[in-house]
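For reference, the structure discussed in these notes is given below.
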Amino acid sequence: MRAVVVVAHPNPHSFGQAIAATARTALAERGHDVTVLDLYAEGFQTAMTLAERHAYHGDHPIIDPMVARHAAIVQQAEVLVFVYPTWWSTVPAILKGWLERVMVPGVSFVFDERRRVRPGLTNIRRLVGISTYGAPWPLVKAINDNGRRTLLRALRLNTGLRTRRSWLALYKTDRSTPAQRAAFLRRVDRKLRSL
Amino acid sequence: MRVYAVYCHPDPSSFTSVVRQRAVDTLRTAGHEVRSSDLYADGFEPTMSATEVSEYLDARPPSPEISSYCDSLTWCEALVLVYPTWWSGQPAMLTGWLDRVLVRGVAWELSESGSRVTGRLGNVRRLVTITTHGSPRYINLLEGETGRRVIGRALRVLCHRRARTIWLSLYNIDRATAEQRHAFLDRVERRLQRL
């Protein structure tokens with residue numbers, strides 16, 4: 001299958017990048033065709049611009065060539081993996097901006113003849129989210145796991161209900177031991193080998 | 001009351017901009033002292049840098065880039081956020097503002113042992129959100145109302161113990177009539193008059 005790994009972590013030596021590398025290797029070794037979209041490394045622009053906002057409901061909502069390339073890659077993929085640290089219970093701004101700027105009308109959803117919204121990414125068969133949290137599990141659940149909901153619910157509305165979803169989370173990351181981190185990487189590896 | 005209104009929309013001719021104007025006018029007429037930020041007009045950089053992430057847990061004064069926002073946050077008794085809901089949450093620009101401005105020493109503090117986070121925005125007694133949604137209410141419920149939870153829970157726990165959250169939203173704005181928009185503006189005015 002064609003797989004895309006979207007990574008949102010600024011530090012190239014971070015644990016988040018180690019997770020992304022593990023995911024990429026696991027997918028490639030299982031014979032999948034993997035593309036990594038490292039948003040920070042590519043210098044992806046976070047905020048939607050005024051020109052993009054004006055173009056949003058028109059026939060050509062994509063202006064930025066980088067956005068067009070990302071959209072084309074996602075439209076070809078069967079597996080979509082997100083790797084990011086959870087901040088303030090949700091995705092980092094750069095990943096939120098990626099959703100806003102890449103997942104535009106015509107890509108993530110289409111309008112049918114009655115102007116109803118219909119899924120545009122039915123090519124995506126597996127949706128995987130991998131996130132590290134500062135907070136412990138009970139607090140994450142009490143606050144509402146907003147990043148997870150954004151990807152597994154809001155985005156899934158655009159891939160269709162047949163898309164299978166997986167979520168891998170490491171809680172209390174800041175105080176995790178090297179052994180716990182290593183165990184988490186093994187979990188990521190196992191999960192992505194068994195898609 | 002001291003009120004800090006944070007507005008986020010790329011388009012100065014948007015309905016959200018009208019909402020912001022009405023909100024600020026109402027608050028001033030009611031005798032409140034109002035400070036206001038316009039994140040797009042400020043050219044705010046919403047992407048957290050590698051340095052900001054790696055030094056996140058360190059105790060240090062806010063950088064000059066964010067210090068005026070931090071100052072208004074700790075000055076206000078009511079925080080008012082005005083934005084359009086995209087992908088069921090705050091626009092990336094506002095997500096990034098939360099990522100970068102809610103720093104240690106301003107919005108939260110870490111205990112000696114490093115195991116407990118406590119809120120420091122006890123000055124905030126009213127947390128007001130005014131937003132518009134492109135989609136109808138049931139879609140937002142399906143998606144998990146993540147924007148509402150980010151503010152009502154993740155941000156709320158940093159504020160005063162008895163802080164009141166006020167949520168004013170207009171659903172299905174893409175199909176709203178002029179009357180519905182006016183009715184919403186009137187609703188915003190009525191609610192803010194008795195802040």
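Chain labels follow the order of the structure tokens: the first chain is A, the next B, and so on; residue numbering restarts at 1 in every chain, and ligands are counted from 1 in their shown order.
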
#### Entry: Interface, chain B side, toward chain A (10 Å; only C-alpha atoms) as a PyMOL selection string
chain B and resi 9-12+40+44-54+57+86-100+102+114-117+135+139-157

Would you export the selected residues with C-alpha atoms as a PDB file, in the first residue's frame, please?
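Output file out.pdb follows:
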ATOM      1  CA  HIS B   9      -9.471  35.937  11.085  1.00  0.00           C
ATOM      2  CA  PRO B  10      -7.384  36.613   7.956  1.00  0.00           C
ATOM      3  CA  ASP B  11     -10.110  38.654   6.261  1.00  0.00           C
ATOM      4  CA  PRO B  12     -10.901  42.159   7.612  1.00  0.00           C
ATOM      5  CA  TYR B  40      -3.362  38.261  11.592  1.00  0.00           C
ATOM      6  CA  PHE B  44       1.806  36.770  14.693  1.00  0.00           C
ATOM      7  CA  GLU B  45       4.043  33.745  14.042  1.00  0.00           C
ATOM      8  CA  PRO B  46       1.952  30.747  15.129  1.00  0.00           C
ATOM      9  CA  THR B  47       4.601  28.049  14.750  1.00  0.00           C
ATOM     10  CA  MET B  48       6.417  27.031  17.882  1.00  0.00           C
ATOM     11  CA  SER B  49      10.154  26.970  17.257  1.00  0.00           C
ATOM     12  CA  ALA B  50      12.541  24.126  18.082  1.00  0.00           C
ATOM     13  CA  THR B  51      14.069  26.260  20.841  1.00  0.00           C
ATOM     14  CA  GLU B  52      10.689  27.079  22.365  1.00  0.00           C
ATOM     15  CA  VAL B  53       9.828  23.390  22.444  1.00  0.00           C
ATOM     16  CA  SER B  54      13.123  22.211  23.917  1.00  0.00           C
ATOM     17  CA  LEU B  57       9.702  23.355  30.875  1.00  0.00           C
ATOM     18  CA  TRP B  86     -12.245  25.398  11.147  1.00  0.00           C
ATOM     19  CA  TRP B  87     -11.841  21.632  11.290  1.00  0.00           C
ATOM     20  CA  SER B  88     -14.003  21.678  14.416  1.00  0.00           C
ATOM     21  CA  GLY B  89     -11.472  23.793  16.310  1.00  0.00           C
ATOM     22  CA  GLN B  90      -9.564  27.058  16.508  1.00  0.00           C
ATOM     23  CA  PRO B  91      -7.776  28.256  13.356  1.00  0.00           C
ATOM     24  CA  ALA B  92      -4.090  27.237  13.334  1.00  0.00           C
ATOM     25  CA  MET B  93      -3.177  30.874  13.955  1.00  0.00           C
ATOM     26  CA  LEU B  94      -5.052  30.835  17.269  1.00  0.00           C
ATOM     27  CA  THR B  95      -3.914  27.299  18.122  1.00  0.00           C
ATOM     28  CA  GLY B  96      -0.355  28.574  17.667  1.00  0.00           C
ATOM     29  CA  TRP B  97      -1.078  31.578  19.854  1.00  0.00           C
ATOM     30  CA  LEU B  98      -2.136  29.214  22.640  1.00  0.00           C
ATOM     31  CA  ASP B  99       0.924  26.993  21.995  1.00  0.00           C
ATOM     32  CA  ARG B 100       3.348  29.917  22.221  1.00  0.00           C
ATOM     33  CA  LEU B 102       0.561  30.011  27.424  1.00  0.00           C
ATOM     34  CA  GLY B 114       8.168  18.656  38.507  1.00  0.00           C
ATOM     35  CA  SER B 115       5.174  16.386  38.843  1.00  0.00           C
ATOM     36  CA  ARG B 116       2.322  18.875  39.198  1.00  0.00           C
ATOM     37  CA  VAL B 117       1.170  21.631  36.881  1.00  0.00           C
ATOM     38  CA  SER B 135     -21.181  23.084   9.322  1.00  0.00           C
ATOM     39  CA  ILE B 139     -21.594  17.597  12.388  1.00  0.00           C
ATOM     40  CA  ASN B 140     -19.754  19.431  15.153  1.00  0.00           C
ATOM     41  CA  LEU B 141     -21.153  16.965  17.676  1.00  0.00           C
ATOM     42  CA  LEU B 142     -20.003  14.049  15.513  1.00  0.00           C
ATOM     43  CA  GLU B 143     -16.580  15.623  15.259  1.00  0.00           C
ATOM     44  CA  GLY B 144     -16.466  15.991  19.037  1.00  0.00           C
ATOM     45  CA  GLU B 145     -16.673  19.811  19.423  1.00  0.00           C
ATOM     46  CA  THR B 146     -12.918  19.886  19.914  1.00  0.00           C
ATOM     47  CA  GLY B 147     -12.612  23.675  19.793  1.00  0.00           C
ATOM     48  CA  ARG B 148     -15.136  24.017  22.579  1.00  0.00           C
ATOM     49  CA  ARG B 149     -13.306  21.465  24.740  1.00  0.00           C
ATOM     50  CA  VAL B 150      -9.896  23.083  24.183  1.00  0.00           C
ATOM     51  CA  ILE B 151     -11.232  26.300  25.685  1.00  0.00           C
ATOM     52  CA  GLY B 152     -13.834  24.976  28.122  1.00  0.00           C
ATOM     53  CA  ARG B 153     -11.464  22.411  29.614  1.00  0.00           C
ATOM     54  CA  ALA B 154      -7.762  22.693  28.665  1.00  0.00           C
ATOM     55  CA  LEU B 155      -7.691  26.506  28.954  1.00  0.00           C
ATOM     56  CA  ARG B 156     -10.378  26.682  31.640  1.00  0.00           C
ATOM     57  CA  VAL B 157      -8.364  24.675  34.198  1.00  0.00           C
TER      58      VAL B 157
END

### Task
May I have all residues of chain B that DSSP, computed from the backbone, assigns to helix (DSSP H, G or I), given as a PyMOL selection string?
chain B and resi 15-29+39-42+50-54+64-75+92-101+137-143+146-158+173-175+178-193

### Task
List the neighbours of Thr16 in chain B out to 9 Å using only C-alpha atoms; skip same-chain residues closer than 4 positions along the sequence, and give me the result as a PyMOL selection string.
chain B and resi 7-9+11-12+20-21+82-84+130-132

If you keep N, CA and C atoms, can you produce a file of those selected residues as an mmCIF file, in the first residue's frame?
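Wrote out.cif, looks like this:
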data_model
loop_
_atom_site.group_PDB
_atom_site.id
_atom_site.type_symbol
_atom_site.label_atom_id
_atom_site.label_comp_id
_atom_site.auth_asym_id
_atom_site.auth_seq_id
_atom_site.Cartn_x
_atom_site.Cartn_y
_atom_site.Cartn_z
ATOM 1 N N TYR B 7 -8.710 38.355 18.660
ATOM 2 C CA TYR B 7 -9.466 38.140 17.430
ATOM 3 C C TYR B 7 -8.573 37.474 16.394
ATOM 4 N N CYS B 8 -9.131 36.493 15.676
ATOM 5 C CA CYS B 8 -8.326 35.763 14.701
ATOM 6 C C CYS B 8 -9.137 35.470 13.441
ATOM 7 N N HIS B 9 -8.900 36.237 12.408
ATOM 8 C CA HIS B 9 -9.471 35.937 11.085
ATOM 9 C C HIS B 9 -8.612 36.650 10.049
ATOM 10 N N ASP B 11 -9.405 37.735 7.152
ATOM 11 C CA ASP B 11 -10.110 38.654 6.261
ATOM 12 C C ASP B 11 -10.782 39.784 7.050
ATOM 13 N N PRO B 12 -10.298 41.031 6.878
ATOM 14 C CA PRO B 12 -10.901 42.159 7.612
ATOM 15 C C PRO B 12 -12.348 42.415 7.209
ATOM 16 N N ARG B 20 -16.491 40.824 16.010
ATOM 17 C CA ARG B 20 -15.488 41.364 16.924
ATOM 18 C C ARG B 20 -15.771 42.833 17.238
ATOM 19 N N GLN B 21 -16.101 43.600 16.179
ATOM 20 C CA GLN B 21 -16.372 45.025 16.369
ATOM 21 C C GLN B 21 -17.546 45.227 17.313
ATOM 22 N N VAL B 82 -12.460 35.518 19.683
ATOM 23 C CA VAL B 82 -13.378 35.656 18.542
ATOM 24 C C VAL B 82 -12.701 35.062 17.311
ATOM 25 N N TYR B 83 -13.289 34.009 16.735
ATOM 26 C CA TYR B 83 -12.646 33.322 15.602
ATOM 27 C C TYR B 83 -13.652 32.458 14.863
ATOM 28 N N PRO B 84 -13.332 32.067 13.632
ATOM 29 C CA PRO B 84 -14.162 31.101 12.921
ATOM 30 C C PRO B 84 -13.709 29.688 13.282
ATOM 31 N N ILE B 130 -16.591 33.450 21.080
ATOM 32 C CA ILE B 130 -17.592 33.815 20.078
ATOM 33 C C ILE B 130 -17.088 33.262 18.750
ATOM 34 N N THR B 131 -17.838 32.320 18.182
ATOM 35 C CA THR B 131 -17.329 31.661 16.981
ATOM 36 C C THR B 131 -18.444 31.323 15.998
ATOM 37 N N THR B 132 -18.042 31.070 14.762
ATOM 38 C CA THR B 132 -18.985 30.643 13.730
ATOM 39 C C THR B 132 -18.515 29.310 13.169
#

Just asking: which residues within range 45-159 of chain B are strand (DSSP E or B) according to DSSP, as a PDB file with N, CA and C atoms, in the first residue's frame?
ATOM      1  N   ALA B  78     -11.484  39.162  32.129  1.00  0.00           N
ATOM      2  CA  ALA B  78     -12.288  38.400  31.174  1.00  0.00           C
ATOM      3  C   ALA B  78     -11.466  38.229  29.900  1.00  0.00           C
ATOM      4  N   LEU B  79     -11.426  37.006  29.399  1.00  0.00           N
ATOM      5  CA  LEU B  79     -10.731  36.730  28.146  1.00  0.00           C
ATOM      6  C   LEU B  79     -11.797  36.380  27.101  1.00  0.00           C
ATOM      7  N   VAL B  80     -11.778  37.134  25.998  1.00  0.00           N
ATOM      8  CA  VAL B  80     -12.783  36.927  24.953  1.00  0.00           C
ATOM      9  C   VAL B  80     -12.064  36.487  23.680  1.00  0.00           C
ATOM     10  N   LEU B  81     -12.437  35.337  23.143  1.00  0.00           N
ATOM     11  CA  LEU B  81     -11.812  34.843  21.914  1.00  0.00           C
ATOM     12  C   LEU B  81     -12.830  34.895  20.784  1.00  0.00           C
ATOM     13  N   VAL B  82     -12.460  35.518  19.683  1.00  0.00           N
ATOM     14  CA  VAL B  82     -13.378  35.656  18.542  1.00  0.00           C
ATOM     15  C   VAL B  82     -12.701  35.062  17.311  1.00  0.00           C
ATOM     16  N   TYR B  83     -13.289  34.009  16.735  1.00  0.00           N
ATOM     17  CA  TYR B  83     -12.646  33.322  15.602  1.00  0.00           C
ATOM     18  C   TYR B  83     -13.652  32.458  14.863  1.00  0.00           C
ATOM     19  N   PRO B  84     -13.332  32.067  13.632  1.00  0.00           N
ATOM     20  CA  PRO B  84     -14.162  31.101  12.921  1.00  0.00           C
ATOM     21  C   PRO B  84     -13.709  29.688  13.282  1.00  0.00           C
ATOM     22  N   THR B  85     -14.632  28.755  13.433  1.00  0.00           N
ATOM     23  CA  THR B  85     -14.258  27.365  13.708  1.00  0.00           C
ATOM     24  C   THR B  85     -13.914  26.667  12.399  1.00  0.00           C
ATOM     25  N   TRP B  86     -12.703  26.161  12.316  1.00  0.00           N
ATOM     26  CA  TRP B  86     -12.245  25.398  11.147  1.00  0.00           C
ATOM     27  C   TRP B  86     -11.807  24.023  11.620  1.00  0.00           C
ATOM     28  N   GLY B  89     -12.221  23.134  15.240  1.00  0.00           N
ATOM     29  CA  GLY B  89     -11.472  23.793  16.310  1.00  0.00           C
ATOM     30  C   GLY B  89     -11.031  25.202  15.959  1.00  0.00           C
ATOM     31  N   ARG B 104       5.167  28.756  30.759  1.00  0.00           N
ATOM     32  CA  ARG B 104       5.436  28.612  32.188  1.00  0.00           C
ATOM     33  C   ARG B 104       5.698  29.984  32.814  1.00  0.00           C
ATOM     34  N   TRP B 108       0.937  28.874  33.650  1.00  0.00           N
ATOM     35  CA  TRP B 108       1.010  27.706  34.532  1.00  0.00           C
ATOM     36  C   TRP B 108       2.363  27.682  35.224  1.00  0.00           C
ATOM     37  N   GLU B 109       2.443  26.891  36.273  1.00  0.00           N
ATOM     38  CA  GLU B 109       3.707  26.737  36.992  1.00  0.00           C
ATOM     39  C   GLU B 109       3.890  25.259  37.314  1.00  0.00           C
ATOM     40  N   LEU B 110       5.146  24.892  37.403  1.00  0.00           N
ATOM     41  CA  LEU B 110       5.473  23.493  37.684  1.00  0.00           C
ATOM     42  C   LEU B 110       5.882  23.402  39.154  1.00  0.00           C
ATOM     43  N   VAL B 117       1.326  20.371  37.592  1.00  0.00           N
ATOM     44  CA  VAL B 117       1.170  21.631  36.881  1.00  0.00           C
ATOM     45  C   VAL B 117       0.003  22.372  37.524  1.00  0.00           C
ATOM     46  N   THR B 118       0.216  23.642  37.893  1.00  0.00           N
ATOM     47  CA  THR B 118      -0.895  24.419  38.439  1.00  0.00           C
ATOM     48  C   THR B 118      -1.139  25.639  37.562  1.00  0.00           C
ATOM     49  N   GLY B 119      -2.416  25.996  37.406  1.00  0.00           N
ATOM     50  CA  GLY B 119      -2.781  27.147  36.601  1.00  0.00           C
ATOM     51  C   GLY B 119      -2.366  28.437  37.274  1.00  0.00           C
ATOM     52  N   LEU B 121      -3.558  31.517  35.801  1.00  0.00           N
ATOM     53  CA  LEU B 121      -4.430  32.572  35.279  1.00  0.00           C
ATOM     54  C   LEU B 121      -5.657  32.764  36.181  1.00  0.00           C
ATOM     55  N   ARG B 126     -13.894  35.231  33.594  1.00  0.00           N
ATOM     56  CA  ARG B 126     -14.854  34.970  32.514  1.00  0.00           C
ATOM     57  C   ARG B 126     -14.060  34.537  31.290  1.00  0.00           C
ATOM     58  N   LEU B 127     -14.494  33.439  30.707  1.00  0.00           N
ATOM     59  CA  LEU B 127     -13.833  32.926  29.515  1.00  0.00           C
ATOM     60  C   LEU B 127     -14.907  32.877  28.424  1.00  0.00           C
ATOM     61  N   VAL B 128     -14.820  33.821  27.502  1.00  0.00           N
ATOM     62  CA  VAL B 128     -15.894  33.978  26.514  1.00  0.00           C
ATOM     63  C   VAL B 128     -15.388  33.563  25.131  1.00  0.00           C
ATOM     64  N   THR B 129     -16.164  32.737  24.446  1.00  0.00           N
ATOM     65  CA  THR B 129     -15.822  32.361  23.082  1.00  0.00           C
ATOM     66  C   THR B 129     -16.951  32.773  22.160  1.00  0.00           C
ATOM     67  N   ILE B 130     -16.591  33.450  21.080  1.00  0.00           N
ATOM     68  CA  ILE B 130     -17.592  33.815  20.078  1.00  0.00           C
ATOM     69  C   ILE B 130     -17.088  33.262  18.750  1.00  0.00           C
ATOM     70  N   THR B 131     -17.838  32.320  18.182  1.00  0.00           N
ATOM     71  CA  THR B 131     -17.329  31.661  16.981  1.00  0.00           C
ATOM     72  C   THR B 131     -18.444  31.323  15.998  1.00  0.00           C
ATOM     73  N   THR B 132     -18.042  31.070  14.762  1.00  0.00           N
ATOM     74  CA  THR B 132     -18.985  30.643  13.730  1.00  0.00           C
ATOM     75  C   THR B 132     -18.515  29.310  13.169  1.00  0.00           C
ATOM     76  N   HIS B 133     -19.475  28.457  12.827  1.00  0.00           N
ATOM     77  CA  HIS B 133     -19.147  27.149  12.254  1.00  0.00           C
ATOM     78  C   HIS B 133     -19.719  27.073  10.845  1.00  0.00           C
ATOM     79  N   CYS B 159      -7.554  28.889  34.624  1.00  0.00           N
ATOM     80  CA  CYS B 159      -8.177  30.146  35.059  1.00  0.00           C
ATOM     81  C   CYS B 159      -8.664  30.060  36.510  1.00  0.00           C
TER      82      CYS B 159
END

### Query
range 72-85 of chain A: which residues within 8 Å, counting only C-alpha atoms, same-chain residues fewer than 3 positions away excluded, as a list in words?
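So, after excluding close chain neighbours, the residues are Met1, Arg2, Ala3, Val4, Val5, Val6, Val7, Ala8, His9, Gly16, Ile19, Ala20, Ala68, Arg69, Val91, Pro92, Val107, Leu121, Asn123, Ile124, Arg125, Arg126, Leu127, Val128, Gly129, Ile130, Ser131, Thr132 and Tyr133 of chain A.
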
### Query
Between CA of Asp25 in chain B and CA of Val188 in chain B, what is the distance, to one decimal in Å?
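Separating CA of Asp25 in chain B from CA of Val188 in chain B is a distance of 11.1 Å.
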
### Message
My list of candidates is B:Val24, B:Ile66, B:Ala30, B:Arg137. Which is closest to Gly43 in chain B when distances are computed with only C-alpha atoms?
### Response
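For Gly43 in chain B, the nearest of the candidates is B:Ile66.
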
### Query
So how far away is CA of Asp174 in chain B from CA of His60 in chain A, in Å?
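Between CA of His60 in chain A and CA of Asp174 in chain B the gap works out to 18.4 Å.
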